[in-house]
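Peer 1: The structure is given below, and queries will be raised subsequently.
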Amino acid sequence: MASFDPKDISTGRLHGYLLSAVAPRPIAFASTVDAEGNPNLSPYSFFNVFSSNPPIMIFSPARRVRNNTTKHTLENVEVTKEVVINVVNYDIVHQMSLSSTEYAKGVNEFEKAGLTMLESDIVKPFRVAESPVQFECKVNEIVHLGTEGGAGNLVICEVVKFHISDDVLNDDDVIIQEKLDLVSRAGGSYYNRAKKGFFEIPKPLSTLGIGVDAMPHEVKNSMVLTGNDLGMLGNVEALPSEDQINEFINTVSERYPNITSMSHHEKHKIARNYLSYGDVNSAWKLLLS
């Protein structure tokens, strides 16, 4: 058995061991606003519920290991003392992943991830309309666990109102876990789906994905592509060039001889097939052909 003293290994390596060994972890999809009311949305897997009377949840936006900077979420809750914690189910997992891209301060991750802002009843931050359960919270206390990269910041939240989709409730207003279909976080690029087990999602690009808001109208408003499809498509640094699209058309001309005259609906159905295999580049070339 390998044994380690945390002080003898790098913070990055220790971070990896902790996240891989203590898993799967629930995800707090935290929505906040800054002092000017600009929305921010980001997921955190250092999260759980700790009390029901009063109803208390805690999540921790840790200081970045690589450069010891803090997250916009932490900066916002320190000022406003409010947050909405949205749960993450499988239907929005790729959009959730895309929202974790480190966009600049002031960028609206709701728009980047193609998610809908829903006004809260009590607090200022918006809810994620697509999330099946949303907790409006007041921040009671923030406990800073350190000042170096990797140090956590415990945001202790009291639930003041919560909302549950009728789609996941039975006739007695009890949550049906199978319908909720929650997703949790593990180490590396691994996630766990309550109904299926482990699966992988590529990490968001450090060079920043284009986001759903930068997509052509017919793509981001597709009646065929799902939120997860849009989340995958948004995690690219740039759209393919005209030369790349033409090369793709020539390559698949035998399989799809009428590719350039296909309807958007037809192209979107085929693109979904490419996305099911993780082939985002081919999906984009098809969509733009």
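Residues are referred to by chain and number: the chain letter is A, B, ... according to the order shown in the structure tokens, the number counts from 1 in that chain, and ligands are numbered separately from 1 in the order shown.
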Using DSSP on the backbone coordinates, identify the residues of segment 33-273 of chain A assigned to alpha helix (DSSP H); present them as a PyMOL selection string.
Peer 2: chain A and resi 72-80+93-99+109-113+177-180+217-220+227-234+242-251+264-273
Peer 1: With C-alpha atoms retained, write the just-selected residues as a PDB file, in the first residue's frame.
Peer 2:
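Printed below is part22.pdb as written:
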ATOM      1  CA  HIS A  72     -15.967  35.044  -8.923  1.00  0.00           C
ATOM      2  CA  THR A  73     -18.570  33.094  -6.929  1.00  0.00           C
ATOM      3  CA  LEU A  74     -16.639  33.627  -3.703  1.00  0.00           C
ATOM      4  CA  GLU A  75     -16.146  37.320  -4.420  1.00  0.00           C
ATOM      5  CA  ASN A  76     -19.879  37.691  -5.081  1.00  0.00           C
ATOM      6  CA  VAL A  77     -21.168  35.909  -1.969  1.00  0.00           C
ATOM      7  CA  GLU A  78     -18.776  37.893   0.206  1.00  0.00           C
ATOM      8  CA  VAL A  79     -20.482  41.077  -1.028  1.00  0.00           C
ATOM      9  CA  THR A  80     -24.137  40.054  -1.472  1.00  0.00           C
ATOM     10  CA  VAL A  93     -24.408  18.046 -17.334  1.00  0.00           C
ATOM     11  CA  HIS A  94     -22.571  19.236 -20.472  1.00  0.00           C
ATOM     12  CA  GLN A  95     -23.942  22.751 -20.070  1.00  0.00           C
ATOM     13  CA  MET A  96     -22.850  22.684 -16.434  1.00  0.00           C
ATOM     14  CA  SER A  97     -19.363  21.625 -17.508  1.00  0.00           C
ATOM     15  CA  LEU A  98     -19.200  24.410 -20.108  1.00  0.00           C
ATOM     16  CA  SER A  99     -20.210  26.975 -17.461  1.00  0.00           C
ATOM     17  CA  GLU A 109     -22.291  31.944 -17.882  1.00  0.00           C
ATOM     18  CA  PHE A 110     -26.051  31.405 -18.234  1.00  0.00           C
ATOM     19  CA  GLU A 111     -25.751  32.731 -21.789  1.00  0.00           C
ATOM     20  CA  LYS A 112     -22.466  30.939 -22.488  1.00  0.00           C
ATOM     21  CA  ALA A 113     -23.954  27.607 -21.394  1.00  0.00           C
ATOM     22  CA  GLN A 177     -34.794   9.532  -7.496  1.00  0.00           C
ATOM     23  CA  GLU A 178     -34.831   7.751 -10.851  1.00  0.00           C
ATOM     24  CA  LYS A 179     -36.570  10.707 -12.493  1.00  0.00           C
ATOM     25  CA  LEU A 180     -34.292  13.217 -10.778  1.00  0.00           C
ATOM     26  CA  HIS A 217     -29.225  31.091 -34.563  1.00  0.00           C
ATOM     27  CA  GLU A 218     -30.438  27.846 -36.178  1.00  0.00           C
ATOM     28  CA  VAL A 219     -28.057  25.808 -33.998  1.00  0.00           C
ATOM     29  CA  LYS A 220     -28.642  27.339 -30.579  1.00  0.00           C
ATOM     30  CA  GLY A 227     -28.906  21.139 -23.947  1.00  0.00           C
ATOM     31  CA  ASN A 228     -26.146  18.572 -23.543  1.00  0.00           C
ATOM     32  CA  ASP A 229     -25.512  18.694 -27.302  1.00  0.00           C
ATOM     33  CA  LEU A 230     -25.197  22.483 -27.150  1.00  0.00           C
ATOM     34  CA  GLY A 231     -22.869  22.197 -24.161  1.00  0.00           C
ATOM     35  CA  MET A 232     -20.554  19.938 -26.149  1.00  0.00           C
ATOM     36  CA  LEU A 233     -20.691  22.193 -29.213  1.00  0.00           C
ATOM     37  CA  GLY A 234     -19.898  25.253 -27.112  1.00  0.00           C
ATOM     38  CA  GLU A 242     -14.642  27.159 -44.838  1.00  0.00           C
ATOM     39  CA  ASP A 243     -11.782  24.993 -46.140  1.00  0.00           C
ATOM     40  CA  GLN A 244     -12.270  22.504 -43.300  1.00  0.00           C
ATOM     41  CA  ILE A 245     -16.011  22.380 -43.970  1.00  0.00           C
ATOM     42  CA  ASN A 246     -15.474  21.789 -47.698  1.00  0.00           C
ATOM     43  CA  GLU A 247     -12.951  19.043 -46.992  1.00  0.00           C
ATOM     44  CA  PHE A 248     -15.492  17.381 -44.688  1.00  0.00           C
ATOM     45  CA  ILE A 249     -18.216  17.628 -47.358  1.00  0.00           C
ATOM     46  CA  ASN A 250     -15.950  15.864 -49.869  1.00  0.00           C
ATOM     47  CA  THR A 251     -15.061  13.175 -47.342  1.00  0.00           C
ATOM     48  CA  HIS A 264     -31.478  22.053 -40.682  1.00  0.00           C
ATOM     49  CA  HIS A 265     -33.608  19.356 -39.076  1.00  0.00           C
ATOM     50  CA  GLU A 266     -31.858  16.594 -41.040  1.00  0.00           C
ATOM     51  CA  LYS A 267     -28.397  17.964 -40.335  1.00  0.00           C
ATOM     52  CA  HIS A 268     -29.124  18.326 -36.642  1.00  0.00           C
ATOM     53  CA  LYS A 269     -30.238  14.696 -36.379  1.00  0.00           C
ATOM     54  CA  ILE A 270     -27.006  13.500 -38.001  1.00  0.00           C
ATOM     55  CA  ALA A 271     -24.953  15.905 -35.875  1.00  0.00           C
ATOM     56  CA  ARG A 272     -26.461  14.356 -32.753  1.00  0.00           C
ATOM     57  CA  ASN A 273     -25.108  11.013 -33.897  1.00  0.00           C
TER      58      ASN A 273
END
Peer 1: Could you list, as a ChimeraX atom specification, every residue within 10 Å of segment 117-129 of chain A, counting only C-alpha atoms and ignoring same-chain residues fewer than 2 positions away?
Peer 2: /A:29-34,37-41,80-88,110-111,114-115,131-138,160-163,165
Peer 1: Can you pull out the residues contacting segment 187-199 of chain A? Cut-off 10 Å, using only C-alpha atoms, and skip same-chain residues under 3 positions away; I want them as JSON, numbers by chain.
Peer 2: {"A": [15, 16, 17, 18, 19, 20, 21, 22, 23, 24, 25, 26, 89, 90, 93, 177, 178, 179, 180, 181, 182, 183, 184, 202, 203, 204]}
Peer 1: Find the spatial neighbours of Ile58 of chain A, counting only C-alpha atoms, within a cut-off of 7 Å - ignore same-chain residues fewer than 5 positions away - and output them as a PyMOL selection string.
Peer 2: chain A and resi 47-49+154-157
Peer 1: Between A:Asn258, A:Ser253, A:Ser206, A:Asn67, which has the minimum distance to Thr11 of chain A (counting only C-alpha atoms)?
Peer 2: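 Answer, going by the shortest atom-to-atom distance: A:Asn67.
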Peer 1: Report as a VMD selection string all protein, DNA and RNA residues lying within 8 Å of Phe46 of chain A, evaluated on only C-alpha atoms, omitting residues in the same chain fewer than 6 positions from it.
Peer 2: chain A and resid 25 to 28 59 to 61
Peer 1: Generate the output file for the selected residues, N, CA, C and O atoms, as a compact mmCIF listing (two decimals), in the first residue's frame.
Peer 2:
# COMPACT_ATOMS: atom_id res chain seq x y z
N ARG A 25 -19.08 12.98 -5.65
CA ARG A 25 -19.49 14.10 -4.82
C ARG A 25 -20.64 14.85 -5.49
O ARG A 25 -20.60 15.08 -6.70
N PRO A 26 -21.68 15.26 -4.72
CA PRO A 26 -22.77 16.05 -5.31
C PRO A 26 -22.24 17.37 -5.82
O PRO A 26 -21.17 17.84 -5.40
N ILE A 27 -22.98 17.99 -6.71
CA ILE A 27 -22.55 19.23 -7.35
C ILE A 27 -23.50 20.37 -6.98
O ILE A 27 -24.71 20.27 -7.17
N ALA A 28 -22.91 21.44 -6.47
CA ALA A 28 -23.68 22.67 -6.23
C ALA A 28 -23.49 23.57 -7.45
O ALA A 28 -22.40 24.08 -7.68
N PHE A 59 -20.96 24.81 0.52
CA PHE A 59 -20.12 24.50 -0.63
C PHE A 59 -18.84 25.32 -0.49
O PHE A 59 -18.78 26.30 0.26
N SER A 60 -17.79 24.89 -1.20
CA SER A 60 -16.50 25.52 -1.02
C SER A 60 -15.84 25.87 -2.34
O SER A 60 -15.32 25.00 -3.03
N PRO A 61 -15.85 27.16 -2.72
CA PRO A 61 -15.08 27.60 -3.88
C PRO A 61 -13.61 27.77 -3.47
O PRO A 61 -13.24 28.79 -2.88
Peer 1: Tell me which of A:Leu286, A:Ala2, A:Ala214, A:Val168 sits closest to Val236 of chain A, counting only C-alpha atoms.
Peer 2: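 Result for the nearest residue to Val236 of chain A: A:Ala214.
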Peer 1: Quick one: of A:Lys71, A:Ala151, A:Ser45, A:Asp91, who's nearest to Gly12 of chain A, counting only C-alpha atoms?
Peer 2: A:Ala151
Peer 1: So how many Å separate atom CA of Thr147 of chain A and atom CA of Pro6 of chain A, to one decimal?
Peer 2: 16.8 Å
Peer 1: For a test of reading the model, state the distance in Å between atom CA of Val212 of chain A and atom CA of Asn235 of chain A, rounded to one decimal.
Peer 2: 8.7 Å
Peer 1: Taking only C-alpha atoms into account, which of A:Ala104, A:Leu239, A:Leu169, A:Ile92 comes nearest Thr116 of chain A?
Peer 2: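 Using only C-alpha atoms, the shortest distance to Thr116 of chain A belongs to A:Ile92.
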Peer 1: Let's see if you can do this: from backbone DSSP, list all strand (DSSP E or B) residues in segment 172-230 of chain A, as a list in words.
Peer 2: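 Across segment 172-230 of chain A, those assigned strand (DSSP E or B) are Ile175, Leu182, Val183, Ser184, Arg185, Tyr190, Tyr191, Asn192, Arg193, Gly197, Phe198, Phe199 and Glu200 of chain A.
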Peer 1: Would you save the residues of that selection, restricted to C-alpha atoms, as an mmCIF file, in the first residue's frame?
Peer 2:
data_model
loop_
_atom_site.group_PDB
_atom_site.id
_atom_site.type_symbol
_atom_site.label_atom_id
_atom_site.label_comp_id
_atom_site.auth_asym_id
_atom_site.auth_seq_id
_atom_site.Cartn_x
_atom_site.Cartn_y
_atom_site.Cartn_z
ATOM 1 C CA ILE A 175 -38.931 13.059 -5.075
ATOM 2 C CA LEU A 182 -28.642 13.392 -10.543
ATOM 3 C CA VAL A 183 -25.027 13.633 -11.669
ATOM 4 C CA SER A 184 -22.052 13.723 -9.295
ATOM 5 C CA ARG A 185 -18.350 14.466 -9.652
ATOM 6 C CA TYR A 190 -15.063 11.481 -14.530
ATOM 7 C CA TYR A 191 -18.668 11.973 -13.463
ATOM 8 C CA ASN A 192 -21.218 9.546 -12.077
ATOM 9 C CA ARG A 193 -24.802 9.321 -13.245
ATOM 10 C CA GLY A 197 -22.570 4.783 -13.363
ATOM 11 C CA PHE A 198 -19.353 6.530 -14.395
ATOM 12 C CA PHE A 199 -18.804 8.464 -17.617
ATOM 13 C CA GLU A 200 -16.347 11.101 -18.849
#
Peer 1: Please compute the atom CA of Ala238 of chain A-atom CA of Arg66 of chain A distance, one decimal, in Å.
Peer 2: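 According to the coordinates, atom CA of Ala238 of chain A and atom CA of Arg66 of chain A are separated by 25.4 Å.
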